[in-house]
file run.cif (mmCIF, N, CA and C atoms)
data_start
loop_
_atom_site.label_atom_id
_atom_site.label_comp_id
_atom_site.auth_asym_id
_atom_site.auth_seq_id
_atom_site.Cartn_x
_atom_site.Cartn_y
_atom_site.Cartn_z
N MET A 187 -58.28 23.52 48.92
CA MET A 187 -58.86 24.55 48.08
C MET A 187 -59.07 24.02 46.66
N LYS A 188 -60.24 24.21 46.13
CA LYS A 188 -60.57 23.78 44.77
C LYS A 188 -59.88 24.68 43.76
N GLU A 189 -59.20 24.06 42.77
CA GLU A 189 -58.56 24.87 41.74
C GLU A 189 -59.61 25.33 40.74
N GLU A 190 -59.60 26.60 40.44
CA GLU A 190 -60.58 27.19 39.53
C GLU A 190 -60.37 26.71 38.11
N LEU A 191 -61.47 26.65 37.34
CA LEU A 191 -61.41 26.28 35.94
C LEU A 191 -61.33 27.56 35.11
N VAL A 192 -60.44 27.54 34.11
CA VAL A 192 -60.20 28.71 33.25
C VAL A 192 -60.38 28.29 31.80
N TYR A 193 -61.25 28.99 31.08
CA TYR A 193 -61.51 28.68 29.67
C TYR A 193 -60.77 29.66 28.78
N VAL A 194 -60.07 29.12 27.78
CA VAL A 194 -59.31 29.94 26.83
C VAL A 194 -59.64 29.48 25.41
N PRO A 195 -60.43 30.27 24.67
CA PRO A 195 -60.71 29.91 23.28
C PRO A 195 -59.59 30.39 22.37
N MET A 196 -59.23 29.57 21.37
CA MET A 196 -58.24 30.01 20.40
C MET A 196 -58.25 29.13 19.15
N ALA A 197 -57.77 29.72 18.05
CA ALA A 197 -57.63 28.99 16.80
C ALA A 197 -56.26 28.32 16.76
N ALA A 198 -55.22 29.08 17.10
CA ALA A 198 -53.85 28.58 17.24
C ALA A 198 -53.34 27.84 16.02
N ASP A 199 -53.55 28.42 14.85
CA ASP A 199 -53.03 27.78 13.64
C ASP A 199 -51.52 27.94 13.56
N ILE A 200 -51.04 29.11 13.86
CA ILE A 200 -49.60 29.36 13.98
C ILE A 200 -49.41 29.86 15.40
N VAL A 201 -48.83 29.05 16.25
CA VAL A 201 -48.65 29.42 17.65
C VAL A 201 -47.56 30.48 17.74
N HIS A 202 -47.86 31.56 18.48
CA HIS A 202 -46.93 32.68 18.59
C HIS A 202 -46.89 33.18 20.03
N PRO A 203 -46.03 34.16 20.34
CA PRO A 203 -45.91 34.64 21.71
C PRO A 203 -47.21 35.13 22.34
N GLY A 204 -48.14 35.63 21.56
CA GLY A 204 -49.43 36.06 22.11
C GLY A 204 -50.19 34.89 22.73
N HIS A 205 -50.17 33.74 22.06
CA HIS A 205 -50.83 32.54 22.60
C HIS A 205 -50.17 32.11 23.91
N ILE A 206 -48.84 32.11 23.91
CA ILE A 206 -48.10 31.69 25.11
C ILE A 206 -48.42 32.63 26.27
N ASN A 207 -48.48 33.92 26.01
CA ASN A 207 -48.80 34.91 27.04
C ASN A 207 -50.19 34.65 27.63
N ILE A 208 -51.16 34.42 26.78
CA ILE A 208 -52.53 34.14 27.24
C ILE A 208 -52.56 32.88 28.11
N ILE A 209 -51.90 31.82 27.66
CA ILE A 209 -51.90 30.56 28.41
C ILE A 209 -51.18 30.74 29.76
N LYS A 210 -50.09 31.48 29.75
CA LYS A 210 -49.34 31.72 30.99
C LYS A 210 -50.22 32.46 32.01
N ILE A 211 -50.90 33.49 31.55
CA ILE A 211 -51.80 34.24 32.44
C ILE A 211 -52.93 33.35 32.94
N ALA A 212 -53.53 32.60 32.02
CA ALA A 212 -54.64 31.71 32.37
C ALA A 212 -54.21 30.66 33.39
N SER A 213 -53.03 30.08 33.20
CA SER A 213 -52.58 29.01 34.10
C SER A 213 -52.30 29.55 35.51
N GLY A 214 -52.05 30.84 35.62
CA GLY A 214 -51.89 31.45 36.93
C GLY A 214 -53.20 31.59 37.69
N LEU A 215 -54.32 31.42 36.96
CA LEU A 215 -55.65 31.55 37.56
C LEU A 215 -56.26 30.20 37.94
N GLY A 216 -55.75 29.11 37.35
CA GLY A 216 -56.32 27.80 37.64
C GLY A 216 -56.02 26.79 36.55
N LYS A 217 -56.87 25.76 36.47
CA LYS A 217 -56.72 24.70 35.46
C LYS A 217 -57.24 25.21 34.11
N VAL A 218 -56.39 25.12 33.09
CA VAL A 218 -56.69 25.69 31.79
C VAL A 218 -57.30 24.66 30.84
N VAL A 219 -58.49 25.00 30.34
CA VAL A 219 -59.12 24.24 29.27
C VAL A 219 -59.12 25.14 28.04
N VAL A 220 -58.45 24.70 26.99
CA VAL A 220 -58.44 25.47 25.74
C VAL A 220 -59.58 24.97 24.87
N GLY A 221 -60.43 25.90 24.43
CA GLY A 221 -61.47 25.60 23.45
C GLY A 221 -60.86 25.87 22.09
N LEU A 222 -60.40 24.82 21.43
CA LEU A 222 -59.69 24.96 20.16
C LEU A 222 -60.69 24.96 19.00
N PHE A 223 -60.67 26.05 18.26
CA PHE A 223 -61.58 26.18 17.13
C PHE A 223 -61.38 25.03 16.15
N THR A 224 -62.48 24.43 15.71
CA THR A 224 -62.40 23.36 14.71
C THR A 224 -62.04 23.98 13.36
N ASP A 225 -61.62 23.13 12.43
CA ASP A 225 -61.29 23.61 11.09
C ASP A 225 -62.49 24.30 10.45
N GLU A 226 -63.67 23.73 10.65
CA GLU A 226 -64.89 24.28 10.06
C GLU A 226 -65.19 25.67 10.65
N THR A 227 -64.99 25.81 11.93
CA THR A 227 -65.25 27.10 12.59
C THR A 227 -64.31 28.16 12.05
N ILE A 228 -63.02 27.84 11.95
CA ILE A 228 -62.05 28.81 11.42
C ILE A 228 -62.42 29.18 9.99
N SER A 229 -62.72 28.17 9.18
CA SER A 229 -63.04 28.41 7.76
C SER A 229 -64.31 29.23 7.57
N SER A 230 -65.13 29.34 8.60
CA SER A 230 -66.36 30.12 8.49
C SER A 230 -66.11 31.63 8.51
N TYR A 231 -64.92 32.04 8.97
CA TYR A 231 -64.67 33.48 9.05
C TYR A 231 -63.31 33.92 8.53
N LYS A 232 -62.44 32.98 8.18
CA LYS A 232 -61.16 33.35 7.58
C LYS A 232 -60.63 32.15 6.80
N PRO A 233 -59.51 32.30 6.09
CA PRO A 233 -59.00 31.16 5.31
C PRO A 233 -58.77 29.91 6.16
N SER A 234 -58.87 28.77 5.51
CA SER A 234 -58.68 27.49 6.21
C SER A 234 -57.33 27.46 6.92
N PRO A 235 -57.26 26.78 8.05
CA PRO A 235 -56.00 26.71 8.78
C PRO A 235 -54.95 25.88 8.04
N TYR A 236 -53.69 26.17 8.31
CA TYR A 236 -52.59 25.39 7.74
C TYR A 236 -52.57 23.98 8.32
N MET A 237 -52.78 23.90 9.64
CA MET A 237 -52.77 22.61 10.31
C MET A 237 -54.21 22.16 10.57
N THR A 238 -54.40 20.86 10.61
CA THR A 238 -55.72 20.32 10.93
C THR A 238 -55.99 20.51 12.42
N TYR A 239 -57.24 20.32 12.81
CA TYR A 239 -57.61 20.39 14.23
C TYR A 239 -56.73 19.45 15.04
N GLU A 240 -56.60 18.22 14.59
CA GLU A 240 -55.82 17.22 15.35
C GLU A 240 -54.36 17.64 15.50
N GLN A 241 -53.78 18.21 14.45
CA GLN A 241 -52.39 18.68 14.54
C GLN A 241 -52.27 19.85 15.52
N ARG A 242 -53.21 20.79 15.43
CA ARG A 242 -53.19 21.93 16.34
C ARG A 242 -53.42 21.49 17.78
N LYS A 243 -54.29 20.50 17.96
CA LYS A 243 -54.58 19.98 19.30
C LYS A 243 -53.31 19.40 19.93
N ILE A 244 -52.55 18.63 19.16
CA ILE A 244 -51.30 18.05 19.67
C ILE A 244 -50.35 19.16 20.14
N VAL A 245 -50.24 20.21 19.34
CA VAL A 245 -49.35 21.32 19.71
C VAL A 245 -49.84 21.97 21.01
N ILE A 246 -51.12 22.34 21.06
CA ILE A 246 -51.65 23.07 22.21
C ILE A 246 -51.63 22.24 23.49
N GLU A 247 -52.00 20.97 23.41
CA GLU A 247 -52.04 20.18 24.64
C GLU A 247 -50.64 19.89 25.18
N ASN A 248 -49.62 20.20 24.41
CA ASN A 248 -48.24 20.01 24.88
C ASN A 248 -47.57 21.32 25.30
N ILE A 249 -48.34 22.38 25.40
CA ILE A 249 -47.82 23.65 25.91
C ILE A 249 -47.97 23.67 27.43
N LYS A 250 -46.90 24.05 28.09
CA LYS A 250 -46.93 24.14 29.56
C LYS A 250 -48.09 25.03 30.00
N GLY A 251 -48.87 24.53 30.95
CA GLY A 251 -49.98 25.31 31.49
C GLY A 251 -51.34 24.88 30.96
N VAL A 252 -51.37 24.11 29.87
CA VAL A 252 -52.64 23.64 29.31
C VAL A 252 -52.97 22.28 29.93
N ASP A 253 -54.16 22.20 30.54
CA ASP A 253 -54.58 20.96 31.18
C ASP A 253 -55.44 20.08 30.28
N ARG A 254 -56.18 20.72 29.38
CA ARG A 254 -57.12 19.96 28.53
C ARG A 254 -57.47 20.78 27.30
N VAL A 255 -57.76 20.11 26.20
CA VAL A 255 -58.20 20.78 24.96
C VAL A 255 -59.52 20.16 24.54
N ILE A 256 -60.50 21.03 24.25
CA ILE A 256 -61.79 20.57 23.75
C ILE A 256 -62.13 21.36 22.49
N PRO A 257 -62.98 20.83 21.63
CA PRO A 257 -63.34 21.57 20.41
C PRO A 257 -64.23 22.79 20.70
N GLN A 258 -63.94 23.87 20.02
CA GLN A 258 -64.79 25.07 20.01
C GLN A 258 -65.51 25.02 18.67
N LEU A 259 -66.80 24.71 18.69
CA LEU A 259 -67.54 24.40 17.47
C LEU A 259 -68.12 25.60 16.73
N SER A 260 -68.04 26.79 17.33
CA SER A 260 -68.52 27.99 16.65
C SER A 260 -67.84 29.20 17.27
N ARG A 261 -68.12 30.37 16.71
CA ARG A 261 -67.56 31.60 17.29
C ARG A 261 -68.34 32.04 18.53
N ASP A 262 -69.42 31.35 18.82
CA ASP A 262 -70.23 31.61 20.00
C ASP A 262 -69.69 30.73 21.14
N TYR A 263 -69.20 31.36 22.19
CA TYR A 263 -68.58 30.62 23.29
C TYR A 263 -69.60 30.04 24.28
N GLU A 264 -70.86 30.44 24.16
CA GLU A 264 -71.87 30.03 25.14
C GLU A 264 -71.94 28.52 25.38
N PRO A 265 -71.98 27.67 24.33
CA PRO A 265 -72.10 26.23 24.62
C PRO A 265 -70.97 25.69 25.50
N ASN A 266 -69.73 26.06 25.20
CA ASN A 266 -68.61 25.56 26.02
C ASN A 266 -68.60 26.21 27.40
N LEU A 267 -68.99 27.46 27.49
CA LEU A 267 -69.06 28.11 28.80
C LEU A 267 -70.10 27.42 29.68
N ARG A 268 -71.26 27.10 29.12
CA ARG A 268 -72.30 26.42 29.90
C ARG A 268 -71.88 24.99 30.27
N LEU A 269 -71.16 24.34 29.37
CA LEU A 269 -70.68 22.98 29.63
C LEU A 269 -69.69 22.97 30.80
N LEU A 270 -68.75 23.91 30.79
CA LEU A 270 -67.66 23.92 31.77
C LEU A 270 -67.94 24.75 33.03
N LYS A 271 -68.74 25.80 32.87
CA LYS A 271 -68.99 26.77 33.96
C LYS A 271 -67.68 27.22 34.62
N PRO A 272 -66.76 27.77 33.81
CA PRO A 272 -65.48 28.20 34.37
C PRO A 272 -65.60 29.43 35.25
N LYS A 273 -64.66 29.58 36.16
CA LYS A 273 -64.60 30.78 37.00
C LYS A 273 -64.07 31.96 36.17
N PHE A 274 -63.18 31.65 35.22
CA PHE A 274 -62.59 32.69 34.37
C PHE A 274 -62.58 32.26 32.91
N MET A 275 -62.69 33.25 32.04
CA MET A 275 -62.42 33.07 30.62
C MET A 275 -61.37 34.10 30.28
N VAL A 276 -60.30 33.67 29.61
CA VAL A 276 -59.21 34.57 29.26
C VAL A 276 -59.20 34.79 27.76
N HIS A 277 -59.22 36.06 27.36
CA HIS A 277 -59.20 36.43 25.94
C HIS A 277 -58.49 37.77 25.82
N GLY A 278 -57.67 37.92 24.79
CA GLY A 278 -56.98 39.19 24.56
C GLY A 278 -57.94 40.33 24.31
N THR A 279 -57.47 41.54 24.48
CA THR A 279 -58.32 42.73 24.34
C THR A 279 -58.75 43.01 22.91
N ASP A 280 -58.24 42.26 21.94
CA ASP A 280 -58.57 42.50 20.54
C ASP A 280 -60.05 42.30 20.22
N TRP A 281 -60.81 41.68 21.11
CA TRP A 281 -62.22 41.43 20.81
C TRP A 281 -63.16 42.48 21.39
N ARG A 282 -62.61 43.52 21.95
CA ARG A 282 -63.45 44.57 22.52
C ARG A 282 -64.18 45.38 21.45
N GLU A 283 -63.59 45.43 20.26
CA GLU A 283 -64.21 46.15 19.14
C GLU A 283 -64.22 45.23 17.93
N GLY A 284 -65.03 45.56 16.96
CA GLY A 284 -65.07 44.78 15.73
C GLY A 284 -66.05 43.64 15.80
N PRO A 285 -65.82 42.62 14.94
CA PRO A 285 -66.81 41.55 14.80
C PRO A 285 -67.05 40.70 16.05
N LEU A 286 -66.10 40.68 16.97
CA LEU A 286 -66.28 39.85 18.17
C LEU A 286 -66.83 40.61 19.37
N ALA A 287 -67.11 41.90 19.21
CA ALA A 287 -67.63 42.70 20.33
C ALA A 287 -68.94 42.14 20.87
N GLU A 288 -69.84 41.70 19.99
CA GLU A 288 -71.11 41.11 20.45
C GLU A 288 -70.90 39.76 21.11
N VAL A 289 -69.94 38.98 20.59
CA VAL A 289 -69.62 37.68 21.18
C VAL A 289 -69.09 37.90 22.60
N ARG A 290 -68.25 38.92 22.77
CA ARG A 290 -67.70 39.28 24.08
C ARG A 290 -68.82 39.62 25.06
N LYS A 291 -69.71 40.48 24.60
CA LYS A 291 -70.83 40.93 25.45
C LYS A 291 -71.67 39.73 25.92
N LYS A 292 -71.94 38.81 25.01
CA LYS A 292 -72.72 37.62 25.36
C LYS A 292 -71.96 36.75 26.35
N ALA A 293 -70.66 36.55 26.12
CA ALA A 293 -69.84 35.73 27.02
C ALA A 293 -69.83 36.31 28.43
N ILE A 294 -69.72 37.63 28.54
CA ILE A 294 -69.74 38.28 29.85
C ILE A 294 -71.05 38.00 30.57
N GLY A 295 -72.16 38.08 29.85
CA GLY A 295 -73.47 37.81 30.43
C GLY A 295 -73.63 36.37 30.87
N VAL A 296 -73.16 35.43 30.06
CA VAL A 296 -73.27 34.02 30.40
C VAL A 296 -72.44 33.71 31.64
N LEU A 297 -71.19 34.17 31.66
CA LEU A 297 -70.31 33.94 32.80
C LEU A 297 -70.89 34.52 34.10
N ALA A 298 -71.53 35.67 33.99
CA ALA A 298 -72.09 36.35 35.16
C ALA A 298 -73.15 35.50 35.87
N GLU A 299 -73.79 34.59 35.13
CA GLU A 299 -74.84 33.75 35.71
C GLU A 299 -74.33 32.93 36.90
N TRP A 300 -73.06 32.54 36.89
CA TRP A 300 -72.51 31.75 38.01
C TRP A 300 -71.31 32.46 38.66
N GLY A 301 -71.19 33.77 38.42
CA GLY A 301 -70.13 34.54 39.05
C GLY A 301 -68.79 34.46 38.35
N GLY A 302 -68.79 33.96 37.10
CA GLY A 302 -67.55 33.89 36.32
C GLY A 302 -67.16 35.27 35.81
N LYS A 303 -65.89 35.40 35.47
CA LYS A 303 -65.37 36.69 35.03
C LYS A 303 -64.49 36.54 33.79
N ILE A 304 -64.44 37.61 33.01
CA ILE A 304 -63.54 37.69 31.86
C ILE A 304 -62.24 38.33 32.33
N VAL A 305 -61.13 37.75 31.91
CA VAL A 305 -59.81 38.34 32.15
C VAL A 305 -59.25 38.65 30.77
N GLU A 306 -58.86 39.92 30.58
CA GLU A 306 -58.44 40.37 29.25
C GLU A 306 -57.02 40.94 29.27
N PRO A 307 -56.03 40.08 29.08
CA PRO A 307 -54.67 40.59 28.97
C PRO A 307 -54.56 41.47 27.72
N GLU A 308 -53.70 42.45 27.79
CA GLU A 308 -53.49 43.34 26.64
C GLU A 308 -53.06 42.51 25.43
N TYR A 309 -53.70 42.78 24.30
CA TYR A 309 -53.38 42.08 23.05
C TYR A 309 -51.90 42.26 22.71
N THR A 310 -51.22 41.18 22.35
CA THR A 310 -49.80 41.24 22.02
C THR A 310 -49.65 41.85 20.63
N GLN A 311 -49.20 43.09 20.59
CA GLN A 311 -49.09 43.81 19.32
C GLN A 311 -48.04 43.19 18.40
N GLY A 312 -48.32 43.22 17.11
CA GLY A 312 -47.35 42.78 16.11
C GLY A 312 -47.27 41.28 15.88
N VAL A 313 -48.09 40.51 16.59
CA VAL A 313 -48.10 39.06 16.35
C VAL A 313 -49.53 38.56 16.25
N SER A 314 -49.79 37.88 15.17
CA SER A 314 -51.06 37.20 14.99
C SER A 314 -50.86 36.17 13.89
N SER A 315 -51.66 35.13 13.90
CA SER A 315 -51.54 34.11 12.85
C SER A 315 -51.74 34.75 11.48
N SER A 316 -52.71 35.67 11.38
CA SER A 316 -52.98 36.33 10.10
C SER A 316 -51.76 37.12 9.63
N PHE A 317 -51.08 37.79 10.56
CA PHE A 317 -49.88 38.56 10.23
C PHE A 317 -48.79 37.63 9.69
N PHE A 318 -48.56 36.49 10.36
CA PHE A 318 -47.52 35.56 9.92
C PHE A 318 -47.88 34.91 8.58
N LYS A 319 -49.14 34.60 8.39
CA LYS A 319 -49.57 34.02 7.11
C LYS A 319 -49.33 35.01 5.97
N LYS A 320 -49.59 36.29 6.21
CA LYS A 320 -49.35 37.32 5.20
C LYS A 320 -47.87 37.40 4.88
N LYS A 321 -47.02 37.33 5.88
CA LYS A 321 -45.57 37.37 5.66
C LYS A 321 -45.13 36.20 4.77
N VAL A 322 -45.70 35.02 5.02
CA VAL A 322 -45.36 33.84 4.22
C VAL A 322 -45.83 34.05 2.78
N ARG A 323 -47.05 34.55 2.60
CA ARG A 323 -47.57 34.80 1.24
C ARG A 323 -46.72 35.83 0.52
N ASP A 324 -46.35 36.91 1.22
CA ASP A 324 -45.54 37.95 0.61
C ASP A 324 -44.17 37.43 0.20
N ALA A 325 -43.57 36.63 1.04
CA ALA A 325 -42.25 36.05 0.74
C ALA A 325 -42.34 35.12 -0.46
N LYS A 326 -43.43 34.38 -0.53
CA LYS A 326 -43.66 33.47 -1.64
C LYS A 326 -43.77 34.26 -2.96
N GLU A 327 -44.47 35.38 -2.92
CA GLU A 327 -44.63 36.25 -4.10
C GLU A 327 -43.28 36.80 -4.55
N GLU A 328 -42.44 37.16 -3.60
CA GLU A 328 -41.13 37.74 -3.92
C GLU A 328 -40.23 36.73 -4.63
N THR A 329 -40.41 35.45 -4.37
CA THR A 329 -39.55 34.42 -4.98
C THR A 329 -40.00 34.02 -6.36
N LYS A 330 -41.16 34.50 -6.79
CA LYS A 330 -41.66 34.14 -8.13
C LYS A 330 -40.94 34.92 -9.20
#
call {"tool": "encode", "arguments": {"input": "run.cif", "output": "structure tokens"}}
result
Amino acid sequence: MKEELVYVPMAADIVHPGHINIIKIASGLGKVVVGLFTDETISSYKPSPYMTYEQRKIVIENIKGVDRVIPQLSRDYEPNLRLLKPKFMVHGTDWREGPLAEVRKKAIGVLAEWGGKIVEPEYTQGVSSSFFKKKVRDAKEETK
């Protein structure tokens, strides 16, 4: 039996339980390829990452369940989806509304061309890189 390919896009600047949950679910579906956002891609929509792409890549490729890491060059997943033609793409439910809703809609359409599907684990509440970065900034302010 051929093992299915699973695409998981992420920035992963501060790895947290939400990332681990997504990877665990994805690895249960097949071979996991993480599309790791480049520094330039992250900087296009939020503050620059703490770690460089290469540093984040080392962390992610050493997480149990990750088979390969490739660069995600934009917020548009279409190029990597067409390159890999995965059976599944795994993304948390946080993209159903807001700025990524259109990106989600496009990804669903692209995947449908070859019978691929989106798997959307419930977003892990209370943890996000942005949340942890804010905590660090707030703590820094308190020490001044």
call {"tool": "resolve_selection", "arguments": {"input": "run.cif", "expression": "the PyMOL selection byres (((chain A and resi 271 and name CA) around 9) and name CA)", "output": "number ranges by chain"}}
result
A: 191, 193, 266-270, 272-274, 297, 300, 302
call {"tool": "residues_around", "arguments": {"input": "run.cif", "residues": "A:Thr238", "least_positions_apart": "4", "cutoff": "8 Å", "atoms": "only N, CA and C atoms", "output": "JSON, numbers by chain"}}
result
{"A": [199, 223, 224, 225, 242, 243, 244]}
call {"tool": "select_by_dssp", "arguments": {"input": "run.cif", "residues": "stretch 212-253 of chain A", "states": "alpha helix (DSSP H)", "output": "ChimeraX atom specification"}}
result
/A:212-213,225-229,239-247
call {"tool": "select_by_dssp", "arguments": {"input": "run.cif", "residues": "stretch 197-317 of chain A", "states": "strand (DSSP E)", "output": "PyMOL selection string"}}
result
chain A and resi 217-223+252-258+274-276+303-305
call {"tool": "residues_around", "arguments": {"input": "run.cif", "residues": "stretch 287-296 of chain A", "least_positions_apart": "2", "cutoff": "9 Å", "atoms": "only C-alpha atoms", "output": "PDB file with N, CA and C atoms, keeping the file's coordinate frame"}}
result
ATOM      1  N   ARG A 261     -68.120  30.370  16.710  1.00  0.00           N
ATOM      2  CA  ARG A 261     -67.560  31.600  17.290  1.00  0.00           C
ATOM      3  C   ARG A 261     -68.340  32.040  18.530  1.00  0.00           C
ATOM      4  N   ASP A 262     -69.420  31.350  18.820  1.00  0.00           N
ATOM      5  CA  ASP A 262     -70.230  31.610  20.000  1.00  0.00           C
ATOM      6  C   ASP A 262     -69.690  30.730  21.140  1.00  0.00           C
ATOM      7  N   TYR A 263     -69.200  31.360  22.190  1.00  0.00           N
ATOM      8  CA  TYR A 263     -68.580  30.620  23.290  1.00  0.00           C
ATOM      9  C   TYR A 263     -69.600  30.040  24.280  1.00  0.00           C
ATOM     10  N   GLU A 264     -70.860  30.440  24.160  1.00  0.00           N
ATOM     11  CA  GLU A 264     -71.870  30.030  25.140  1.00  0.00           C
ATOM     12  C   GLU A 264     -71.940  28.520  25.380  1.00  0.00           C
ATOM     13  N   LEU A 267     -68.990  27.460  27.490  1.00  0.00           N
ATOM     14  CA  LEU A 267     -69.060  28.110  28.800  1.00  0.00           C
ATOM     15  C   LEU A 267     -70.100  27.420  29.680  1.00  0.00           C
ATOM     16  N   ARG A 268     -71.260  27.100  29.120  1.00  0.00           N
ATOM     17  CA  ARG A 268     -72.300  26.420  29.900  1.00  0.00           C
ATOM     18  C   ARG A 268     -71.880  24.990  30.270  1.00  0.00           C
ATOM     19  N   MET A 275     -62.690  33.250  32.040  1.00  0.00           N
ATOM     20  CA  MET A 275     -62.420  33.070  30.620  1.00  0.00           C
ATOM     21  C   MET A 275     -61.370  34.100  30.280  1.00  0.00           C
ATOM     22  N   TRP A 281     -60.810  41.680  21.110  1.00  0.00           N
ATOM     23  CA  TRP A 281     -62.220  41.430  20.810  1.00  0.00           C
ATOM     24  C   TRP A 281     -63.160  42.480  21.390  1.00  0.00           C
ATOM     25  N   ARG A 282     -62.610  43.520  21.950  1.00  0.00           N
ATOM     26  CA  ARG A 282     -63.450  44.570  22.520  1.00  0.00           C
ATOM     27  C   ARG A 282     -64.180  45.380  21.450  1.00  0.00           C
ATOM     28  N   GLU A 283     -63.590  45.430  20.260  1.00  0.00           N
ATOM     29  CA  GLU A 283     -64.210  46.150  19.140  1.00  0.00           C
ATOM     30  C   GLU A 283     -64.220  45.230  17.930  1.00  0.00           C
ATOM     31  N   GLY A 284     -65.030  45.560  16.960  1.00  0.00           N
ATOM     32  CA  GLY A 284     -65.070  44.780  15.730  1.00  0.00           C
ATOM     33  C   GLY A 284     -66.050  43.640  15.800  1.00  0.00           C
ATOM     34  N   PRO A 285     -65.820  42.620  14.940  1.00  0.00           N
ATOM     35  CA  PRO A 285     -66.810  41.550  14.800  1.00  0.00           C
ATOM     36  C   PRO A 285     -67.050  40.700  16.050  1.00  0.00           C
ATOM     37  N   ALA A 298     -71.530  35.670  33.990  1.00  0.00           N
ATOM     38  CA  ALA A 298     -72.090  36.350  35.160  1.00  0.00           C
ATOM     39  C   ALA A 298     -73.150  35.500  35.870  1.00  0.00           C
ATOM     40  N   GLU A 299     -73.790  34.590  35.130  1.00  0.00           N
ATOM     41  CA  GLU A 299     -74.840  33.750  35.710  1.00  0.00           C
ATOM     42  C   GLU A 299     -74.330  32.930  36.900  1.00  0.00           C
ATOM     43  N   TRP A 300     -73.060  32.540  36.890  1.00  0.00           N
ATOM     44  CA  TRP A 300     -72.510  31.750  38.010  1.00  0.00           C
ATOM     45  C   TRP A 300     -71.310  32.460  38.660  1.00  0.00           C
ATOM     46  N   GLY A 302     -68.790  33.960  37.100  1.00  0.00           N
ATOM     47  CA  GLY A 302     -67.550  33.890  36.320  1.00  0.00           C
ATOM     48  C   GLY A 302     -67.160  35.270  35.810  1.00  0.00           C
ATOM     49  N   LYS A 303     -65.890  35.400  35.470  1.00  0.00           N
ATOM     50  CA  LYS A 303     -65.370  36.690  35.030  1.00  0.00           C
ATOM     51  C   LYS A 303     -64.490  36.540  33.790  1.00  0.00           C
ATOM     52  N   ILE A 304     -64.440  37.610  33.010  1.00  0.00           N
ATOM     53  CA  ILE A 304     -63.540  37.690  31.860  1.00  0.00           C
ATOM     54  C   ILE A 304     -62.240  38.330  32.330  1.00  0.00           C
TER      55      ILE A 304
END
call {"tool": "atom_distance", "arguments": {"input": "run.cif", "atom1": "atom C of A:Val192", "atom2": "atom C of A:Ile228"}}
result
21.9 Å
call {"tool": "atom_distance", "arguments": {"input": "run.cif", "atom1": "atom N of A:Gly301", "atom2": "atom C of A:Glu189"}}
result
14.5 Å
